[in-house]
Amino acid sequence: MKQIKPLVLLPPFLFCGVIYGSSFGRTVLGGPKAKKLLTTWQMFAVVLTTSIATGILFWGVFDPAWNLSHSPGGIVPNSPEAAHFAISTVYLHWTLPPYAFGSMVGLMFACAYYNMKRPFSLGAPLAPLLGRLGDGKVGHVIDAVCLYCLVAGLTSALAGSALLLGGGIHKMLNIAEKAWTRKRKPSAAPSSWRTASS
């Protein structure tokens, strides 16, 4: 794979465009009498800050650096071709495509919860496909798998960001390594334990 193909980005944009241009685009989430809780700009700020969150602090910088020096598909590392691949990957991961993918899932979930009055679960958007199966064990399995994936993803993002912030604070404030930050060797068991066990 020499570069990210533009066709990868088309499906989510086409989906959002079709929804916007069709009769579904005029659907009010929550019903015709629903009132907005946030203005358009407030909602934009919420979506922007929550989706970027701590991920861009680490991956926004690490992504291009890694892909430049460890390019896949036989691309020579640190070459102009590798730089092109690295920048195109950043555009894929940190520009409009993630918002298009998120919009697809968000629209399905909001429509299922607010308009179809489905339960507040991660399997709710699949109600048109699963029917009553989504309310039973199948729905619980879907929720469990999705929650596991969410926890794993958030944990890795927060752990990476904590290491990044910790390293930055260490360098900026020139904090020396303290005894409580070093790994301690396990101490020997007390002599009373050894005699009792023997």
# chains A, B, ... in the order shown; residues from 1 in each chain; ligands from 1
>>> residues_around(residues="A:Gly123", least_positions_apart="5", cutoff="6 Å", atoms="only C-alpha atoms", output="number ranges by chain")
A: 139, 142-143
>>> write_last_selection(atoms="C-alpha atoms", output="PDB file, in the first residue's frame")
ATOM      1  CA  GLY A 139     -28.473  -7.181  22.924  1.00  0.00           C
ATOM      2  CA  ILE A 142     -23.500  -6.605  21.949  1.00  0.00           C
ATOM      3  CA  ASP A 143     -23.456  -4.126  24.856  1.00  0.00           C
TER       4      ASP A 143
END
>>> select_by_dssp(residues="stretch 92-190 of chain A", states="alpha helix (DSSP H)", output="JSON, numbers by chain")
{"A": [92, 93, 94, 96, 97, 98, 99, 100, 101, 102, 103, 104, 105, 106, 107, 108, 109, 110, 127, 128, 129, 130, 137, 138, 139, 140, 141, 142, 143, 144, 145, 146, 147, 148, 149, 150, 151, 152, 153, 154, 155, 156, 157, 158, 159, 160, 161, 162, 163, 164, 165, 166, 167, 168, 169, 170, 171, 172, 173]}
>>> residues_around(residues="stretch 109-121 of chain A", least_positions_apart="5", cutoff="8 Å", atoms="only C-alpha atoms", output="ChimeraX atom specification")
/A:29-31,127,143
>>> atom_distance(atom1="atom CA of A:Leu14", atom2="atom CA of A:Tyr91")
17.9 Å
>>> atom_distance(atom1="atom CA of A:Pro12", atom2="atom CA of A:Leu92")
12.2 Å
>>> closest_residue(among="A:Ile87, A:Gly131, A:Ala152, A:Gly102", to="A:Phe62", atoms="only C-alpha atoms")
A:Ile87
>>> decode(residues="stretch 36-80 of chain A", atoms="N, CA and C atoms", output="CSV table (one decimal), in the first residue's frame")
chain,number,residue,atom,x,y,z
A,36,LYS,N,-33.7,22.6,21.5
A,36,LYS,CA,-32.3,22.4,21.5
A,36,LYS,C,-31.8,22.8,22.9
A,37,LEU,N,-30.9,21.9,23.4
A,37,LEU,CA,-30.2,22.2,24.7
A,37,LEU,C,-29.0,23.1,24.5
A,38,LEU,N,-28.3,23.0,23.3
A,38,LEU,CA,-27.1,23.7,23.0
A,38,LEU,C,-27.3,24.4,21.7
A,39,THR,N,-26.6,25.5,21.5
A,39,THR,CA,-26.6,26.2,20.2
A,39,THR,C,-25.7,25.4,19.3
A,40,THR,N,-25.7,25.8,18.0
A,40,THR,CA,-24.8,25.0,17.0
A,40,THR,C,-23.4,25.2,17.4
A,41,TRP,N,-22.9,26.4,17.8
A,41,TRP,CA,-21.5,26.6,18.1
A,41,TRP,C,-21.1,25.8,19.4
A,42,GLN,N,-22.0,25.8,20.4
A,42,GLN,CA,-21.8,25.1,21.6
A,42,GLN,C,-21.6,23.6,21.3
A,43,MET,N,-22.5,23.1,20.5
A,43,MET,CA,-22.4,21.6,20.1
A,43,MET,C,-21.2,21.3,19.4
A,44,PHE,N,-20.8,22.2,18.5
A,44,PHE,CA,-19.5,22.1,17.7
A,44,PHE,C,-18.3,22.0,18.7
A,45,ALA,N,-18.3,22.9,19.7
A,45,ALA,CA,-17.2,22.9,20.7
A,45,ALA,C,-17.2,21.6,21.5
A,46,VAL,N,-18.4,21.1,21.9
A,46,VAL,CA,-18.4,19.9,22.6
A,46,VAL,C,-17.9,18.7,21.8
A,47,VAL,N,-18.4,18.6,20.5
A,47,VAL,CA,-17.9,17.5,19.7
A,47,VAL,C,-16.4,17.6,19.4
A,48,LEU,N,-15.9,18.8,19.1
A,48,LEU,CA,-14.5,19.0,18.8
A,48,LEU,C,-13.6,18.6,20.0
A,49,THR,N,-14.0,19.1,21.2
A,49,THR,CA,-13.1,18.8,22.3
A,49,THR,C,-13.2,17.4,22.8
A,50,THR,N,-14.4,16.8,22.8
A,50,THR,CA,-14.5,15.4,23.3
A,50,THR,C,-13.9,14.4,22.3
A,51,SER,N,-14.0,14.7,21.0
A,51,SER,CA,-13.4,13.7,20.1
A,51,SER,C,-11.9,13.8,20.0
A,52,ILE,N,-11.4,15.0,20.1
A,52,ILE,CA,-9.9,15.1,20.1
A,52,ILE,C,-9.4,14.7,21.4
A,53,ALA,N,-9.9,15.2,22.5
A,53,ALA,CA,-9.6,14.8,23.9
A,53,ALA,C,-8.1,14.7,24.0
A,54,THR,N,-7.6,13.6,24.7
A,54,THR,CA,-6.2,13.4,24.9
A,54,THR,C,-5.5,12.7,23.8
A,55,GLY,N,-6.3,12.2,22.9
A,55,GLY,CA,-5.7,11.4,21.8
A,55,GLY,C,-4.7,12.1,20.9
A,56,ILE,N,-5.1,13.4,20.6
A,56,ILE,CA,-4.3,14.1,19.6
A,56,ILE,C,-3.0,14.6,20.3
A,57,LEU,N,-3.0,14.7,21.7
A,57,LEU,CA,-1.8,15.1,22.3
A,57,LEU,C,-0.7,14.1,22.1
A,58,PHE,N,-1.0,12.9,22.0
A,58,PHE,CA,0.0,11.8,21.7
A,58,PHE,C,0.1,11.4,20.3
A,59,TRP,N,-1.1,10.9,19.8
A,59,TRP,CA,-1.1,10.3,18.5
A,59,TRP,C,-1.0,11.3,17.4
A,60,GLY,N,-1.4,12.6,17.6
A,60,GLY,CA,-1.3,13.6,16.5
A,60,GLY,C,0.1,13.9,16.2
A,61,VAL,N,1.0,13.7,17.2
A,61,VAL,CA,2.5,13.8,16.9
A,61,VAL,C,3.2,12.5,16.6
A,62,PHE,N,2.8,11.5,17.3
A,62,PHE,CA,3.4,10.2,17.2
A,62,PHE,C,3.1,9.5,15.9
A,63,ASP,N,1.9,9.7,15.4
A,63,ASP,CA,1.4,9.0,14.2
A,63,ASP,C,2.3,9.4,13.0
A,64,PRO,N,2.6,10.6,12.6
A,64,PRO,CA,3.4,10.9,11.5
A,64,PRO,C,4.9,10.5,11.7
A,65,ALA,N,5.3,10.7,12.9
A,65,ALA,CA,6.8,10.4,13.2
A,65,ALA,C,7.0,8.9,13.1
A,66,TRP,N,6.0,8.1,13.5
A,66,TRP,CA,6.2,6.6,13.4
A,66,TRP,C,6.1,6.2,12.0
A,67,ASN,N,5.1,6.7,11.3
A,67,ASN,CA,4.9,6.3,9.9
A,67,ASN,C,6.0,6.7,9.0
A,68,LEU,N,6.7,7.8,9.3
A,68,LEU,CA,7.8,8.3,8.5
A,68,LEU,C,9.0,7.3,8.7
A,69,SER,N,9.2,6.8,9.9
A,69,SER,CA,10.4,6.0,10.1
A,69,SER,C,10.1,4.5,10.0
A,70,HIS,N,8.8,4.1,10.1
A,70,HIS,CA,8.4,2.7,10.0
A,70,HIS,C,7.3,2.5,9.0
A,71,SER,N,7.6,2.9,7.8
A,71,SER,CA,6.5,2.9,6.7
A,71,SER,C,6.3,1.5,6.3
A,72,PRO,N,5.0,1.1,6.1
A,72,PRO,CA,4.6,-0.3,5.7
A,72,PRO,C,4.7,-0.4,4.2
A,73,GLY,N,4.5,-1.6,3.7
A,73,GLY,CA,4.3,-1.9,2.3
A,73,GLY,C,5.6,-1.7,1.5
A,74,GLY,N,6.8,-1.9,2.0
A,74,GLY,CA,8.0,-1.7,1.2
A,74,GLY,C,8.4,-0.3,1.0
A,75,ILE,N,7.8,0.7,1.6
A,75,ILE,CA,8.2,2.1,1.4
A,75,ILE,C,9.5,2.3,2.2
A,76,VAL,N,10.5,3.0,1.6
A,76,VAL,CA,11.8,3.2,2.2
A,76,VAL,C,11.6,4.2,3.3
A,77,PRO,N,12.0,3.9,4.6
A,77,PRO,CA,11.8,4.8,5.7
A,77,PRO,C,12.5,6.1,5.5
A,78,ASN,N,11.9,7.2,6.0
A,78,ASN,CA,12.5,8.6,5.9
A,78,ASN,C,12.7,9.1,4.5
A,79,SER,N,12.0,8.5,3.5
A,79,SER,CA,12.0,9.0,2.1
A,79,SER,C,10.9,9.9,1.9
A,80,PRO,N,10.9,10.6,0.7
A,80,PRO,CA,9.8,11.5,0.4
A,80,PRO,C,8.5,10.7,0.3
